Amino acid sequence: MLPDLYVCTSCDERFYFKFREAYYYMGAAPLGKQIADADLLWVNVRPAWCKDCDCVCVVEDIASLRVFEDAYGAARTGRPVEYPAYTEYMKAPDALRELGDQLRWRMGRRHAARALCCGGSRYQWMDVAQPLLKHAQCDFGVIDSRIHIGSYCGPGSGVHAPANIRLYDPEGELIGQLTWRKQDGRMWDIEPMRYPPPAADD
Ligand SMILES: [Zn+2]
Ligand SMILES: [Zn+2]
């Protein structure tokens, strides 16, 4: 689970996630103005610090193919798993489909894990014992995570406000964002979105 935010214990600077959840688009058709909810696949993420964007962000959490195979095998015998999908409360056929989709995605995936802010790979994990984070003008800060149960409002549901959930291709390339839910949640309106152009090198 992602914390709500990180706080520097020295200068008290706070670091928030710009976004926390994402989906892969697994559909065969080229991306149009709408996509089916059934063509979305949950992106597993871990919290990290992106050195290119200087921000707390989420990075794809991609375990080895073996882990995905084992999870699928567990689902076939009715055992729940926590990764790549939390299936404890799913019905058996739903769990099997979800883990089958995850396994198919993993088998095709080539690119290394990306920071989903910019698509880069210059990041360091934040969910480790002592995350080292050198932020501006603060040399000795220790970064603490904060979790406020129930405080996270999340993006809009896509019904009364646009959800604005980021959408990636199976290789982690940003392609759009989900905005409005349509047809009782079976379809999503989307708008195109791309990674920012890479900054000039320092
Ligand atoms: Zn600090
Ligand atoms: Zn970044």
# chains A, B, ... in the order shown; residues from 1 in each chain; ligands from 1
>>> closest_atom_pairs(of="chain A", to="ligand 2", cutoff="9 Å", atoms="only C-alpha atoms and all ligand atoms", output="JSON lines")
{"residue": "A:Trp49", "atom": "CA", "partner": "ligand 2", "partner_atom_place_in_ligand_line": "1 (Zn)", "distance": 8.1}
{"residue": "A:Cys50", "atom": "CA", "partner": "ligand 2", "partner_atom_place_in_ligand_line": "1 (Zn)", "distance": 4.7}
{"residue": "A:Lys51", "atom": "CA", "partner": "ligand 2", "partner_atom_place_in_ligand_line": "1 (Zn)", "distance": 6.6}
{"residue": "A:Asp52", "atom": "CA", "partner": "ligand 2", "partner_atom_place_in_ligand_line": "1 (Zn)", "distance": 5.1}
{"residue": "A:Cys53", "atom": "CA", "partner": "ligand 2", "partner_atom_place_in_ligand_line": "1 (Zn)", "distance": 4.2}
{"residue": "A:Asp54", "atom": "CA", "partner": "ligand 2", "partner_atom_place_in_ligand_line": "1 (Zn)", "distance": 7.1}
{"residue": "A:Cys55", "atom": "CA", "partner": "ligand 2", "partner_atom_place_in_ligand_line": "1 (Zn)", "distance": 7.0}
{"residue": "A:Val56", "atom": "CA", "partner": "ligand 2", "partner_atom_place_in_ligand_line": "1 (Zn)", "distance": 8.6}
{"residue": "A:Cys57", "atom": "CA", "partner": "ligand 2", "partner_atom_place_in_ligand_line": "1 (Zn)", "distance": 7.2}
{"residue": "A:Arg114", "atom": "CA", "partner": "ligand 2", "partner_atom_place_in_ligand_line": "1 (Zn)", "distance": 8.7}
{"residue": "A:Ala115", "atom": "CA", "partner": "ligand 2", "partner_atom_place_in_ligand_line": "1 (Zn)", "distance": 5.6}
{"residue": "A:Leu116", "atom": "CA", "partner": "ligand 2", "partner_atom_place_in_ligand_line": "1 (Zn)", "distance": 6.7}
{"residue": "A:Cys117", "atom": "CA", "partner": "ligand 2", "partner_atom_place_in_ligand_line": "1 (Zn)", "distance": 4.4}
{"residue": "A:Cys118", "atom": "CA", "partner": "ligand 2", "partner_atom_place_in_ligand_line": "1 (Zn)", "distance": 4.1}
{"residue": "A:Gly119", "atom": "CA", "partner": "ligand 2", "partner_atom_place_in_ligand_line": "1 (Zn)", "distance": 6.5}
{"residue": "A:Gly120", "atom": "CA", "partner": "ligand 2", "partner_atom_place_in_ligand_line": "1 (Zn)", "distance": 5.9}
{"residue": "A:Ser121", "atom": "CA", "partner": "ligand 2", "partner_atom_place_in_ligand_line": "1 (Zn)", "distance": 7.9}
{"residue": "A:Arg122", "atom": "CA", "partner": "ligand 2", "partner_atom_place_in_ligand_line": "1 (Zn)", "distance": 7.6}
{"residue": "A:Tyr123", "atom": "CA", "partner": "ligand 2", "partner_atom_place_in_ligand_line": "1 (Zn)", "distance": 7.6}
>>> residues_near_ligand(ligand="ligand 1", cutoff="7 Å", atoms="only C-alpha atoms and all ligand atoms", output="list in words")
Cys8, Thr9, Ser10, Cys11, Asp12, Glu13, His135, Cys138, Asp139, Phe140 and Gly141 of chain A
>>> residues_around(residues="Ala38 of chain A", least_positions_apart="3", cutoff="10 Å", atoms="only C-alpha atoms", output="PyMOL selection string")
chain A and resi 25-27+35+41+185-187
>>> closest_residue(among="A:Leu2, A:Ala129, A:Val7, A:Ala36", to="Lys182 of chain A", atoms="only C-alpha atoms")
A:Ala36
>>> closest_atom_pairs(of="segment 17-127 of chain A", to="segment 157-163 of chain A", cutoff="12 Å", atoms="only C-alpha atoms", output="Markdown table")
| residue | atom | partner | partner_atom | distance |
| --- | --- | --- | --- | --- |
| A:Phe19 | CA | A:Ala163 | CA | 10.9 |
| A:Arg20 | CA | A:Ala163 | CA | 12.0 |
| A:Glu21 | CA | A:Ala163 | CA | 10.7 |
| A:Ala22 | CA | A:Ala163 | CA | 11.0 |
>>> write_last_selection(atoms="C-alpha atoms", output="PDB file, in the first residue's frame")
ATOM      1  CA  PHE A  19      -1.054  10.248  -9.040  1.00  0.00           C
ATOM      2  CA  ARG A  20      -1.161   6.824  -7.491  1.00  0.00           C
ATOM      3  CA  GLU A  21      -2.873   4.385  -9.814  1.00  0.00           C
ATOM      4  CA  ALA A  22      -2.605   3.455 -13.433  1.00  0.00           C
TER       5      ALA A  22
END
>>> closest_residue(among="A:Asp144, A:Arg166, A:Pro47, A:Leu96", to="Tyr72 of chain A", atoms="only C-alpha atoms")
A:Leu96
>>> residues_around(residues="Val45 of chain A", least_positions_apart="3", cutoff="8 Å", atoms="only C-alpha atoms", output="number ranges by chain")
A: 21, 58-61
>>> residues_around(residues="Tyr86 of chain A", least_positions_apart="3", cutoff="12 Å", atoms="only C-alpha atoms", output="MDAnalysis selection string")
chainID A and resid 1 42 44 71 75 79:83 89:91 94:96 98:99 102
>>> closest_residue(among="A:Met126, A:Ala136, A:Arg46, A:Gly78", to="Ile62 of chain A", atoms="only C-alpha atoms")
A:Arg46
>>> atom_distance(atom1="atom CA of Tyr195 of chain A", atom2="atom CA of Glu173 of chain A")
7.7 Å
>>> residues_around(residues="segment 105-110 of chain A", least_positions_apart="3", cutoff="8 Å", atoms="only C-alpha atoms", output="list in words")
Leu65, Phe68, Asp101, Gln102, Pro170 and Glu171 of chain A
>>> write_last_selection(atoms="N, CA and C atoms", output="mmCIF file, in the first residue's frame")
data_model
loop_
_atom_site.group_PDB
_atom_site.id
_atom_site.type_symbol
_atom_site.label_atom_id
_atom_site.label_comp_id
_atom_site.auth_asym_id
_atom_site.auth_seq_id
_atom_site.Cartn_x
_atom_site.Cartn_y
_atom_site.Cartn_z
ATOM 1 N N LEU A 65 8.885 -13.482 -14.368
ATOM 2 C CA LEU A 65 7.822 -14.255 -15.012
ATOM 3 C C LEU A 65 7.393 -15.420 -14.128
ATOM 4 N N PHE A 68 4.631 -14.674 -11.773
ATOM 5 C CA PHE A 68 3.320 -14.592 -12.431
ATOM 6 C C PHE A 68 2.784 -15.989 -12.738
ATOM 7 N N ASP A 101 -4.646 -12.678 -17.370
ATOM 8 C CA ASP A 101 -4.343 -11.434 -18.096
ATOM 9 C C ASP A 101 -2.989 -10.879 -17.670
ATOM 10 N N GLN A 102 -2.726 -10.926 -16.372
ATOM 11 C CA GLN A 102 -1.439 -10.430 -15.864
ATOM 12 C C GLN A 102 -0.291 -11.267 -16.423
ATOM 13 N N PRO A 170 1.347 -1.573 -22.989
ATOM 14 C CA PRO A 170 1.909 -2.676 -22.188
ATOM 15 C C PRO A 170 3.399 -2.532 -21.883
ATOM 16 N N GLU A 171 4.097 -1.654 -22.598
ATOM 17 C CA GLU A 171 5.522 -1.434 -22.330
ATOM 18 C C GLU A 171 5.752 -0.235 -21.409
#
>>> closest_residue(among="A:Ala48, A:Leu5, A:Ile175, A:Leu133", to="Glu191 of chain A", atoms="only C-alpha atoms")
A:Ile175
>>> atom_distance(atom1="atom CA of Asn164 of chain A", atom2="atom CA of Asp37 of chain A")
14.3 Å
>>> atom_distance(atom1="atom CA of Ser64 of chain A", atom2="atom CA of Ala85 of chain A")
14.4 Å
>>> select_by_dssp(residues="segment 35-140 of chain A", states="helix (DSSP H, G or I)", output="number ranges by chain")
A: 37-39, 65-76, 92-108
>>> decode(residues="segment 8-24 of chain A", atoms="all heavy atoms", output="PDB file, in the first residue's frame")
ATOM      1  N   CYS A   8       9.974  15.127   5.239  1.00  0.00           N
ATOM      2  CA  CYS A   8      11.369  15.184   5.647  1.00  0.00           C
ATOM      3  C   CYS A   8      11.425  15.575   7.113  1.00  0.00           C
ATOM      4  O   CYS A   8      10.887  16.609   7.513  1.00  0.00           O
ATOM      5  CB  CYS A   8      12.127  16.199   4.802  1.00  0.00           C
ATOM      6  SG  CYS A   8      13.816  16.448   5.394  1.00  0.00           S
ATOM      7  N   THR A   9      12.080  14.747   7.934  1.00  0.00           N
ATOM      8  CA  THR A   9      12.089  14.995   9.377  1.00  0.00           C
ATOM      9  C   THR A   9      12.997  16.169   9.726  1.00  0.00           C
ATOM     10  O   THR A   9      12.955  16.679  10.834  1.00  0.00           O
ATOM     11  CB  THR A   9      12.590  13.759  10.145  1.00  0.00           C
ATOM     12  OG1 THR A   9      13.875  13.412   9.638  1.00  0.00           O
ATOM     13  CG2 THR A   9      11.633  12.604   9.979  1.00  0.00           C
ATOM     14  N   SER A  10      13.834  16.617   8.798  1.00  0.00           N
ATOM     15  CA  SER A  10      14.725  17.724   9.077  1.00  0.00           C
ATOM     16  C   SER A  10      14.100  19.069   8.686  1.00  0.00           C
ATOM     17  O   SER A  10      13.978  19.975   9.507  1.00  0.00           O
ATOM     18  CB  SER A  10      16.041  17.496   8.331  1.00  0.00           C
ATOM     19  OG  SER A  10      16.819  18.662   8.345  1.00  0.00           O
ATOM     20  N   CYS A  11      13.657  19.211   7.452  1.00  0.00           N
ATOM     21  CA  CYS A  11      13.145  20.515   7.011  1.00  0.00           C
ATOM     22  C   CYS A  11      11.624  20.530   6.927  1.00  0.00           C
ATOM     23  O   CYS A  11      11.035  21.560   6.604  1.00  0.00           O
ATOM     24  CB  CYS A  11      13.751  20.894   5.667  1.00  0.00           C
ATOM     25  SG  CYS A  11      13.163  19.879   4.301  1.00  0.00           S
ATOM     26  N   ASP A  12      11.002  19.395   7.191  1.00  0.00           N
ATOM     27  CA  ASP A  12       9.540  19.292   7.188  1.00  0.00           C
ATOM     28  C   ASP A  12       8.906  19.444   5.810  1.00  0.00           C
ATOM     29  O   ASP A  12       7.693  19.606   5.705  1.00  0.00           O
ATOM     30  CB  ASP A  12       8.926  20.315   8.169  1.00  0.00           C
ATOM     31  CG  ASP A  12       7.592  19.795   8.719  1.00  0.00           C
ATOM     32  OD1 ASP A  12       7.496  18.576   8.963  1.00  0.00           O
ATOM     33  OD2 ASP A  12       6.655  20.596   8.867  1.00  0.00           O
ATOM     34  N   GLU A  13       9.728  19.417   4.780  1.00  0.00           N
ATOM     35  CA  GLU A  13       9.123  19.471   3.449  1.00  0.00           C
ATOM     36  C   GLU A  13       8.260  18.221   3.229  1.00  0.00           C
ATOM     37  O   GLU A  13       8.610  17.131   3.656  1.00  0.00           O
ATOM     38  CB  GLU A  13      10.208  19.558   2.367  1.00  0.00           C
ATOM     39  CG  GLU A  13       9.606  19.729   0.980  1.00  0.00           C
ATOM     40  CD  GLU A  13      10.633  20.109  -0.087  1.00  0.00           C
ATOM     41  OE1 GLU A  13      11.797  20.388   0.266  1.00  0.00           O
ATOM     42  OE2 GLU A  13      10.251  20.106  -1.268  1.00  0.00           O
ATOM     43  N   ARG A  14       7.126  18.431   2.562  1.00  0.00           N
ATOM     44  CA  ARG A  14       6.220  17.328   2.289  1.00  0.00           C
ATOM     45  C   ARG A  14       6.265  16.937   0.816  1.00  0.00           C
ATOM     46  O   ARG A  14       6.388  17.811  -0.040  1.00  0.00           O
ATOM     47  CB  ARG A  14       4.778  17.742   2.645  1.00  0.00           C
ATOM     48  CG  ARG A  14       4.475  17.538   4.099  1.00  0.00           C
ATOM     49  CD  ARG A  14       3.718  18.648   4.732  1.00  0.00           C
ATOM     50  NE  ARG A  14       4.048  18.657   6.158  1.00  0.00           N
ATOM     51  CZ  ARG A  14       3.334  17.999   7.073  1.00  0.00           C
ATOM     52  NH1 ARG A  14       2.250  17.362   6.738  1.00  0.00           N
ATOM     53  NH2 ARG A  14       3.723  18.003   8.330  1.00  0.00           N
ATOM     54  N   PHE A  15       6.144  15.660   0.573  1.00  0.00           N
ATOM     55  CA  PHE A  15       6.184  15.158  -0.802  1.00  0.00           C
ATOM     56  C   PHE A  15       4.943  14.325  -1.064  1.00  0.00           C
ATOM     57  O   PHE A  15       4.705  13.343  -0.371  1.00  0.00           O
ATOM     58  CB  PHE A  15       7.428  14.297  -1.016  1.00  0.00           C
ATOM     59  CG  PHE A  15       8.705  15.011  -0.684  1.00  0.00           C
ATOM     60  CD1 PHE A  15       9.263  14.895   0.576  1.00  0.00           C
ATOM     61  CD2 PHE A  15       9.330  15.808  -1.624  1.00  0.00           C
ATOM     62  CE1 PHE A  15      10.441  15.555   0.897  1.00  0.00           C
ATOM     63  CE2 PHE A  15      10.509  16.475  -1.319  1.00  0.00           C
ATOM     64  CZ  PHE A  15      11.062  16.348  -0.053  1.00  0.00           C
ATOM     65  N   TYR A  16       4.187  14.751  -2.048  1.00  0.00           N
ATOM     66  CA  TYR A  16       2.942  14.062  -2.382  1.00  0.00           C
ATOM     67  C   TYR A  16       3.071  13.360  -3.730  1.00  0.00           C
ATOM     68  O   TYR A  16       3.836  13.786  -4.591  1.00  0.00           O
ATOM     69  CB  TYR A  16       1.789  15.065  -2.476  1.00  0.00           C
ATOM     70  CG  TYR A  16       1.471  15.749  -1.178  1.00  0.00           C
ATOM     71  CD1 TYR A  16       2.104  16.930  -0.810  1.00  0.00           C
ATOM     72  CD2 TYR A  16       0.526  15.202  -0.303  1.00  0.00           C
ATOM     73  CE1 TYR A  16       1.812  17.556   0.391  1.00  0.00           C
ATOM     74  CE2 TYR A  16       0.231  15.823   0.894  1.00  0.00           C
ATOM     75  CZ  TYR A  16       0.878  17.006   1.244  1.00  0.00           C
ATOM     76  OH  TYR A  16       0.587  17.605   2.420  1.00  0.00           O
ATOM     77  N   PHE A  17       2.295  12.304  -3.886  1.00  0.00           N
ATOM     78  CA  PHE A  17       2.195  11.660  -5.197  1.00  0.00           C
ATOM     79  C   PHE A  17       1.320  12.523  -6.097  1.00  0.00           C
ATOM     80  O   PHE A  17       0.252  12.966  -5.677  1.00  0.00           O
ATOM     81  CB  PHE A  17       1.542  10.280  -5.074  1.00  0.00           C
ATOM     82  CG  PHE A  17       2.356   9.280  -4.320  1.00  0.00           C
ATOM     83  CD1 PHE A  17       2.163   9.096  -2.958  1.00  0.00           C
ATOM     84  CD2 PHE A  17       3.307   8.517  -4.972  1.00  0.00           C
ATOM     85  CE1 PHE A  17       2.908   8.164  -2.259  1.00  0.00           C
ATOM     86  CE2 PHE A  17       4.059   7.570  -4.270  1.00  0.00           C
ATOM     87  CZ  PHE A  17       3.859   7.405  -2.907  1.00  0.00           C
ATOM     88  N   LYS A  18       1.756  12.698  -7.335  1.00  0.00           N
ATOM     89  CA  LYS A  18       0.885  13.414  -8.285  1.00  0.00           C
ATOM     90  C   LYS A  18      -0.263  12.509  -8.718  1.00  0.00           C
ATOM     91  O   LYS A  18      -1.346  12.972  -9.045  1.00  0.00           O
ATOM     92  CB  LYS A  18       1.683  13.827  -9.524  1.00  0.00           C
ATOM     93  CG  LYS A  18       2.609  14.996  -9.269  1.00  0.00           C
ATOM     94  CD  LYS A  18       3.040  15.634 -10.602  1.00  0.00           C
ATOM     95  CE  LYS A  18       4.219  16.559 -10.392  1.00  0.00           C
ATOM     96  NZ  LYS A  18       5.487  15.946 -10.840  1.00  0.00           N
ATOM     97  N   PHE A  19       0.002  11.229  -8.765  1.00  0.00           N
ATOM     98  CA  PHE A  19      -1.054  10.248  -9.040  1.00  0.00           C
ATOM     99  C   PHE A  19      -0.579   8.933  -8.460  1.00  0.00           C
ATOM    100  O   PHE A  19       0.611   8.757  -8.183  1.00  0.00           O
ATOM    101  CB  PHE A  19      -1.329  10.131 -10.550  1.00  0.00           C
ATOM    102  CG  PHE A  19      -0.153   9.641 -11.329  1.00  0.00           C
ATOM    103  CD1 PHE A  19       0.003   8.302 -11.625  1.00  0.00           C
ATOM    104  CD2 PHE A  19       0.844  10.531 -11.744  1.00  0.00           C
ATOM    105  CE1 PHE A  19       1.113   7.846 -12.325  1.00  0.00           C
ATOM    106  CE2 PHE A  19       1.946  10.087 -12.444  1.00  0.00           C
ATOM    107  CZ  PHE A  19       2.078   8.746 -12.733  1.00  0.00           C
ATOM    108  N   ARG A  20      -1.496   8.027  -8.240  1.00  0.00           N
ATOM    109  CA  ARG A  20      -1.161   6.824  -7.491  1.00  0.00           C
ATOM    110  C   ARG A  20      -1.563   5.544  -8.186  1.00  0.00           C
ATOM    111  O   ARG A  20      -1.132   4.470  -7.801  1.00  0.00           O
ATOM    112  CB  ARG A  20      -1.853   6.864  -6.129  1.00  0.00           C
ATOM    113  CG  ARG A  20      -1.662   8.179  -5.407  1.00  0.00           C
ATOM    114  CD  ARG A  20      -2.674   8.326  -4.300  1.00  0.00           C
ATOM    115  NE  ARG A  20      -2.560   7.251  -3.375  1.00  0.00           N
ATOM    116  CZ  ARG A  20      -1.834   7.302  -2.250  1.00  0.00           C
ATOM    117  NH1 ARG A  20      -1.182   8.378  -1.924  1.00  0.00           N
ATOM    118  NH2 ARG A  20      -1.777   6.267  -1.462  1.00  0.00           N
ATOM    119  N   GLU A  21      -2.449   5.624  -9.173  1.00  0.00           N
ATOM    120  CA  GLU A  21      -2.873   4.385  -9.814  1.00  0.00           C
ATOM    121  C   GLU A  21      -2.850   4.551 -11.324  1.00  0.00           C
ATOM    122  O   GLU A  21      -2.892   5.670 -11.835  1.00  0.00           O
ATOM    123  CB  GLU A  21      -4.253   3.948  -9.327  1.00  0.00           C
ATOM    124  CG  GLU A  21      -5.282   5.023  -9.406  1.00  0.00           C
ATOM    125  CD  GLU A  21      -6.642   4.528  -8.937  1.00  0.00           C
ATOM    126  OE1 GLU A  21      -6.794   3.332  -8.654  1.00  0.00           O
ATOM    127  OE2 GLU A  21      -7.562   5.338  -8.887  1.00  0.00           O
ATOM    128  N   ALA A  22      -2.763   3.428 -11.982  1.00  0.00           N
ATOM    129  CA  ALA A  22      -2.605   3.455 -13.433  1.00  0.00           C
ATOM    130  C   ALA A  22      -3.076   2.129 -14.007  1.00  0.00           C
ATOM    131  O   ALA A  22      -3.179   1.128 -13.287  1.00  0.00           O
ATOM    132  CB  ALA A  22      -1.135   3.679 -13.788  1.00  0.00           C
ATOM    133  N   TYR A  23      -3.380   2.170 -15.306  1.00  0.00           N
ATOM    134  CA  TYR A  23      -3.785   0.950 -16.006  1.00  0.00           C
ATOM    135  C   TYR A  23      -3.016   0.806 -17.302  1.00  0.00           C
ATOM    136  O   TYR A  23      -2.609   1.793 -17.911  1.00  0.00           O
ATOM    137  CB  TYR A  23      -5.285   0.988 -16.341  1.00  0.00           C
ATOM    138  CG  TYR A  23      -6.175   0.799 -15.138  1.00  0.00           C
ATOM    139  CD1 TYR A  23      -6.645   1.890 -14.428  1.00  0.00           C
ATOM    140  CD2 TYR A  23      -6.526  -0.480 -14.709  1.00  0.00           C
ATOM    141  CE1 TYR A  23      -7.448   1.720 -13.310  1.00  0.00           C
ATOM    142  CE2 TYR A  23      -7.322  -0.664 -13.599  1.00  0.00           C
ATOM    143  CZ  TYR A  23      -7.782   0.441 -12.902  1.00  0.00           C
ATOM    144  OH  TYR A  23      -8.564   0.264 -11.800  1.00  0.00           O
ATOM    145  N   TYR A  24      -2.856  -0.464 -17.713  1.00  0.00           N
ATOM    146  CA  TYR A  24      -2.382  -0.750 -19.056  1.00  0.00           C
ATOM    147  C   TYR A  24      -3.595  -0.906 -19.955  1.00  0.00           C
ATOM    148  O   TYR A  24      -4.612  -1.448 -19.540  1.00  0.00           O
ATOM    149  CB  TYR A  24      -1.597  -2.066 -19.097  1.00  0.00           C
ATOM    150  CG  TYR A  24      -0.342  -2.082 -18.271  1.00  0.00           C
ATOM    151  CD1 TYR A  24      -0.227  -2.935 -17.182  1.00  0.00           C
ATOM    152  CD2 TYR A  24       0.734  -1.264 -18.601  1.00  0.00           C
ATOM    153  CE1 TYR A  24       0.937  -2.971 -16.417  1.00  0.00           C
ATOM    154  CE2 TYR A  24       1.892  -1.294 -17.847  1.00  0.00           C
ATOM    155  CZ  TYR A  24       1.988  -2.146 -16.757  1.00  0.00           C
ATOM    156  OH  TYR A  24       3.129  -2.172 -16.011  1.00  0.00           O
TER     157      TYR A  24
END
